[in-house]
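Asks: Once you've had a glance at the structure underneath, I'll fire off some questions.
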Amino acid sequence: MMDRMLITGNAAAAWGARLAGAEYMPVFPITPQTEIIETLGRWIDRGDMSGRMVTMESEHSMITAAGSAAATGVRVFTATSSQGLLYGMEILYAVAGWRVPFVLVNVSRGLAAPITLEPDHNDIMAARDSGCLQLHCATCQEVVDALLIAYRLIEDPRVRLPVIVNLDGFYLSFTREPVTLPDATQVAGFLPAFDAADLGFRAGNPVSEAVAVLGGGPYSYFRYETHLAALNAAKVFSEVTSEYESTFGRAYAPVQCHRSEDAEMIFVMIGSFARKAVDAVDRLRARGRKVGLVRPFMLRPFPADALRSALAGKKAVAVIDQNISVGSGGVLATEIKAALYGQPDAPQTIAGYIGGLGGRDITYEEFSAIAQETMAAAEAGRIPDTRLLYTANELREMRKLQAIDTVERHEEEERTT
C-alpha cells in the first residue's frame, strides 16, 4: 500500500534513499541539504533504516568514500550543495572515470561571491562535464521517484556511472508538498539488490588495482568509453521509466512538456522554477496566447533528440537559464542552440534569458513580456541578445544602496584623516 505524506523536498530525498535501501552514506553538512542527512541519521538511530552513515571531514573525502564504497558493490547515497559540490569537484571526475554507480543529491544554491543561501544552478552546471549523469527535479514527488529511477539506471551494466539528482534549495528543499511514497514491496521488485559482479572488488576475493599513468591513446579510449556509457544511459532510461510507470503509475521522459504540442512560442526551463512557467503558460493560454513549456528532466546525457522533437516547427523559443556562464551567457540556451543548429525545422528564434539568480523571483508579468518579445523577434527575423531579468525598480534600489555605501565610506575616511 502506498502512503500519501506532506513532506519537504529534503525529506523526499531521504525517503528515496531509504526506499532504495542505501547501505552506506558518507556525509558532510551544508545548508540547505543538511536536513537530508539529519533525517537519515535519525532513522538509522531509531532502527527504522539499516545502513551505515559516516560524517566525513569534507565533501572531497565524502565523494571519495562514496566512490570507493560503490566500487565494492555497496549501494551508496550522499548529498551536498553549492560550495560543497565545488569542493568535491576534483573527485567527481575521478569517480566517473572509475565507472562506479552511486547517487549524489545536490540541493542547488548560488555560489560565492557574493554569498547567498538562495538557489540557482551554477553549482550543478559546473558539474555537467564531469561524467556524472544528471536528473533535475521540479517537485517533491519527482525527488522520490528520481532517486529510485536513478539507482536502477546507473546500476545497469551498460551504464555504471554516478548520477547527480538535483533539486532547488529552499524553493523545493524546504517546501512541503503531498508525496505518494511507493510501496516498499513494489520498490524491491523494481529495484533489486545491487548486482556488482563485474566491479571486481570483493573481501573474499582480494585484488590489486590502481589507476595507472596512461599515454594519450589508452587515456582517450577510457574517456570515450565513459562518454559511450553516458549515451547508453539514454536508452536504459527509457526502459527503466517505462517499467516505473507500469509499476507505480507515474511517467517520466528525458523532456517533460506542458501544453507544447500546438504552441507557437515555448519556454524552456529546468528545476522548480519551471513550475512558475507552468502557471504562466496556463494564464497566457486563458488570454488566447499559444504558449507552452518544455522542461528537461535529464540533462546528462543531453536529451538532444527529445528537444529537437519538442521544439520542431515552433516560431519562438525562450530559454530561461537560472545560471550564468560569465562571459558567455546561459548554459542551457547555448546547448539547446547547438543541438538545434542546422535542423530543417528548427525554431525561427531562440532567445536566451538569465533569471532566478540567487533565488530572485520570476513574475508572471516577466513571463508575459518574454513571450511577447520572442514572438516579435521571430516575426522580425531577429535573434535577440541574452538578457538579464531585472526591473528598473530593482536597479534604482541597487543604486540607492551603492550611494549609501559611498557616503558611509567618505564619512569613514574623514573621521580617520
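We name chains A, B, ... following the order of the C-alpha cells; residues begin at 1 in each chain, and ligands are numbered from 1 as shown.
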Can you list every residue of stretch 146-239 of chain A that has an atom at most 6 Å from stretch 85-105 of chain A, with its nearest atom pair and the distance in Å to one decimal, using only C-alpha atoms, ordered by chain then number, as JSON lines?
Replies:
```
{"residue": "A:Ile154", "atom": "CA", "partner": "A:Pro101", "partner_atom": "CA", "distance": 5.4}
{"residue": "A:Glu155", "atom": "CA", "partner": "A:Pro101", "partner_atom": "CA", "distance": 5.9}
{"residue": "A:Arg160", "atom": "CA", "partner": "A:Pro101", "partner_atom": "CA", "distance": 5.1}
{"residue": "A:Leu161", "atom": "CA", "partner": "A:Pro101", "partner_atom": "CA", "distance": 4.6}
{"residue": "A:Pro162", "atom": "CA", "partner": "A:Pro101", "partner_atom": "CA", "distance": 4.4}
{"residue": "A:Val163", "atom": "CA", "partner": "A:Val103", "partner_atom": "CA", "distance": 5.2}
{"residue": "A:Ile164", "atom": "CA", "partner": "A:Leu104", "partner_atom": "CA", "distance": 4.8}
{"residue": "A:Val165", "atom": "CA", "partner": "A:Val105", "partner_atom": "CA", "distance": 4.7}
{"residue": "A:Asn166", "atom": "CA", "partner": "A:Val105", "partner_atom": "CA", "distance": 5.8}
```
Asks: Please write the residues from the selection above to a file, keeping C-alpha atoms, as a PDB file, in the first residue's frame.
Replies:
```
ATOM      1  CA  ILE A 154      23.191   3.612 -13.001  1.00  0.00           C
ATOM      2  CA  GLU A 155      23.476   0.067 -11.655  1.00  0.00           C
ATOM      3  CA  ARG A 160      27.829   2.133 -14.349  1.00  0.00           C
ATOM      4  CA  LEU A 161      28.233   5.860 -13.684  1.00  0.00           C
ATOM      5  CA  PRO A 162      27.467   8.180 -10.751  1.00  0.00           C
ATOM      6  CA  VAL A 163      24.339  10.314 -11.020  1.00  0.00           C
ATOM      7  CA  ILE A 164      23.508  13.705  -9.524  1.00  0.00           C
ATOM      8  CA  VAL A 165      19.839  14.228  -8.677  1.00  0.00           C
ATOM      9  CA  ASN A 166      19.277  17.968  -8.413  1.00  0.00           C
TER      10      ASN A 166
END
```
Asks: So that I can check the surroundings of stretch 36-40 of chain A, please list as a ChimeraX atom specification every protein, DNA and RNA residue that reaches within 12 Å of it, counting only C-alpha atoms and ignoring chain neighbours fewer than 4 positions away.
Replies: /A:7-19,21-32,44-55,77-81,104-107,143,169,173-174
Asks: Limited to N, CA and C atoms, could you put the picked residues into a file as a short mmCIF file (atom, residue, chain, number, x, y, z; two decimals), in the first residue's frame?
Replies:
```cif
data_model
loop_
_atom_site.label_atom_id
_atom_site.label_comp_id
_atom_site.auth_asym_id
_atom_site.auth_seq_id
_atom_site.Cartn_x
_atom_site.Cartn_y
_atom_site.Cartn_z
N ILE A 7 5.52 16.29 2.81
CA ILE A 7 6.93 16.33 3.19
C ILE A 7 7.69 17.35 2.35
N THR A 8 8.86 17.74 2.86
CA THR A 8 9.73 18.67 2.14
C THR A 8 10.50 17.95 1.05
N GLY A 9 11.14 18.73 0.19
CA GLY A 9 12.00 18.14 -0.84
C GLY A 9 13.17 17.40 -0.23
N ASN A 10 13.73 17.93 0.87
CA ASN A 10 14.82 17.23 1.55
C ASN A 10 14.35 15.89 2.11
N ALA A 11 13.17 15.89 2.74
CA ALA A 11 12.63 14.64 3.27
C ALA A 11 12.34 13.66 2.15
N ALA A 12 11.90 14.17 1.01
CA ALA A 12 11.65 13.30 -0.15
C ALA A 12 12.94 12.62 -0.60
N ALA A 13 14.05 13.37 -0.57
CA ALA A 13 15.35 12.78 -0.94
C ALA A 13 15.73 11.68 0.05
N ALA A 14 15.51 11.95 1.35
CA ALA A 14 15.82 10.95 2.37
C ALA A 14 14.96 9.70 2.18
N TRP A 15 13.67 9.89 1.88
CA TRP A 15 12.79 8.75 1.64
C TRP A 15 13.24 7.96 0.41
N GLY A 16 13.69 8.64 -0.61
CA GLY A 16 14.19 7.94 -1.79
C GLY A 16 15.35 7.04 -1.45
N ALA A 17 16.30 7.56 -0.63
CA ALA A 17 17.45 6.75 -0.22
C ALA A 17 17.01 5.58 0.65
N ARG A 18 16.05 5.84 1.54
CA ARG A 18 15.56 4.78 2.43
C ARG A 18 14.86 3.67 1.64
N LEU A 19 13.97 4.05 0.75
CA LEU A 19 13.24 3.06 -0.04
C LEU A 19 14.19 2.28 -0.96
N GLY A 21 17.09 1.39 -0.19
CA GLY A 21 17.93 0.52 0.62
C GLY A 21 19.39 0.91 0.58
N ALA A 22 19.65 2.22 0.65
CA ALA A 22 21.05 2.68 0.67
C ALA A 22 21.77 2.04 1.86
N GLU A 23 22.95 1.50 1.59
CA GLU A 23 23.69 0.75 2.62
C GLU A 23 24.79 1.57 3.28
N TYR A 24 25.33 2.52 2.54
CA TYR A 24 26.44 3.32 3.08
C TYR A 24 26.22 4.77 2.68
N MET A 25 26.37 5.67 3.66
CA MET A 25 26.09 7.09 3.44
C MET A 25 27.21 7.94 4.04
N PRO A 26 28.26 8.23 3.27
CA PRO A 26 29.25 9.21 3.73
C PRO A 26 28.68 10.61 3.54
N VAL A 27 28.76 11.46 4.57
CA VAL A 27 28.05 12.73 4.50
C VAL A 27 28.90 13.86 5.07
N PHE A 28 28.49 15.08 4.74
CA PHE A 28 29.05 16.29 5.33
C PHE A 28 27.97 17.36 5.24
N PRO A 29 27.70 18.08 6.34
CA PRO A 29 26.57 19.02 6.33
C PRO A 29 26.88 20.32 5.58
N ILE A 30 25.85 20.83 4.91
CA ILE A 30 25.91 22.16 4.31
C ILE A 30 24.49 22.61 4.01
N THR A 31 24.18 23.86 4.32
CA THR A 31 22.87 24.43 4.00
C THR A 31 22.72 24.56 2.49
N PRO A 32 21.57 24.19 1.92
CA PRO A 32 20.32 23.77 2.55
C PRO A 32 20.02 22.27 2.47
N ILE A 44 18.27 5.88 11.17
CA ILE A 44 19.26 4.85 11.49
C ILE A 44 19.37 4.67 13.00
N ASP A 45 19.41 5.78 13.74
CA ASP A 45 19.50 5.70 15.20
C ASP A 45 18.30 4.98 15.81
N ARG A 46 17.12 5.20 15.24
CA ARG A 46 15.90 4.58 15.77
C ARG A 46 15.72 3.14 15.30
N GLY A 47 16.55 2.71 14.37
CA GLY A 47 16.40 1.38 13.83
C GLY A 47 15.36 1.27 12.74
N ASP A 48 14.87 2.42 12.24
CA ASP A 48 13.89 2.41 11.15
C ASP A 48 14.53 2.12 9.81
N MET A 49 15.83 2.28 9.74
CA MET A 49 16.55 2.11 8.48
C MET A 49 17.89 1.46 8.78
N SER A 50 18.24 0.46 8.04
CA SER A 50 19.56 -0.15 8.18
C SER A 50 20.55 0.63 7.32
N GLY A 51 21.80 0.34 7.50
CA GLY A 51 22.81 1.07 6.75
C GLY A 51 23.73 1.80 7.69
N ARG A 52 24.83 2.29 7.15
CA ARG A 52 25.83 2.97 7.95
C ARG A 52 26.05 4.38 7.43
N MET A 53 25.99 5.35 8.34
CA MET A 53 26.28 6.74 7.98
C MET A 53 27.57 7.16 8.68
N VAL A 54 28.44 7.81 7.93
CA VAL A 54 29.71 8.29 8.47
C VAL A 54 29.87 9.75 8.08
N THR A 55 30.09 10.61 9.08
CA THR A 55 30.35 12.02 8.81
C THR A 55 31.83 12.20 8.48
N PHE A 77 24.64 6.35 -1.04
CA PHE A 77 23.91 7.60 -1.19
C PHE A 77 24.68 8.69 -0.46
N THR A 78 24.68 9.88 -1.04
CA THR A 78 25.23 11.04 -0.35
C THR A 78 24.57 12.30 -0.89
N ALA A 79 24.87 13.44 -0.27
CA ALA A 79 24.21 14.70 -0.66
C ALA A 79 25.11 15.88 -0.34
N THR A 80 24.95 16.95 -1.12
CA THR A 80 25.71 18.16 -0.88
C THR A 80 24.99 19.35 -1.49
N SER A 81 25.68 20.48 -1.56
CA SER A 81 25.08 21.70 -2.11
C SER A 81 26.18 22.71 -2.40
N LEU A 104 24.25 10.96 -5.84
CA LEU A 104 24.59 12.19 -5.12
C LEU A 104 23.45 13.17 -5.33
N VAL A 105 22.77 13.54 -4.26
CA VAL A 105 21.75 14.59 -4.36
C VAL A 105 22.43 15.94 -4.17
N ASN A 106 22.18 16.85 -5.09
CA ASN A 106 22.66 18.22 -4.94
C ASN A 106 21.47 19.14 -4.74
N VAL A 107 21.49 19.88 -3.65
CA VAL A 107 20.44 20.87 -3.38
C VAL A 107 20.99 22.22 -3.82
N VAL A 143 11.42 14.04 -6.71
CA VAL A 143 12.65 13.73 -5.99
C VAL A 143 12.66 12.26 -5.57
N GLY A 169 17.33 24.55 -3.74
CA GLY A 169 17.33 24.87 -2.32
C GLY A 169 16.20 25.82 -1.97
N SER A 173 13.63 22.38 -1.38
CA SER A 173 14.21 21.61 -0.26
C SER A 173 13.39 21.77 1.01
N PHE A 174 12.83 22.96 1.25
CA PHE A 174 12.07 23.21 2.48
C PHE A 174 10.58 23.45 2.22
#
```
Asks: Residues of stretch 285-320 of chain A that approach stretch 134-140 of chain A to 6 Å or less, counting only C-alpha atoms: could you list each one with the shortest pair of atoms and its distance in Å to one decimal, rows by chain and increasing residue number, as JSON lines?
Replies:
```
{"residue": "A:Phe297", "atom": "CA", "partner": "A:His136", "partner_atom": "CA", "distance": 5.1}
{"residue": "A:Met298", "atom": "CA", "partner": "A:Leu135", "partner_atom": "CA", "distance": 4.6}
{"residue": "A:Leu299", "atom": "CA", "partner": "A:Gln134", "partner_atom": "CA", "distance": 5.4}
{"residue": "A:Arg300", "atom": "CA", "partner": "A:Gln134", "partner_atom": "CA", "distance": 4.8}
```
Asks: Which residues in stretch 137-297 of chain A does DSSP call strand (DSSP E)? List them as number ranges by chain.
Replies: A: 163-168, 177-181, 255-258, 265-268, 291-296
Asks: Using Å and a single decimal, report how far atom CA of A:Met269 sits from atom CA of A:Arg289.
Replies: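 Atom-to-atom, atom CA of A:Arg289 to atom CA of A:Met269, that is 18.9 Å.
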Asks: So which one's closest to A:Ser368, A:Met398, A:Val291, A:Ala306, A:Pro344? Using only C-alpha atoms, please.
Replies: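 Of A:Met398, A:Val291, A:Ala306, A:Pro344, the one nearest A:Ser368 is A:Val291, counting only C-alpha atoms.
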Asks: In Å, rounded to a single decimal, give me how far atom CA of A:Ile324 is from atom CA of A:Pro384.
Replies: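 Spanning atom CA of A:Pro384 to atom CA of A:Ile324 is a straight-line distance of 16.8 Å.
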Asks: Go through A:Ala351, A:Leu340, A:Ala251, A:Ala69 one by one, measure the shortest atom-to-atom distance of each to A:Asp385 using only C-alpha atoms, and give the residue with the smallest value.
Replies: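 Closest to A:Asp385 of all the choices is A:Ala351.
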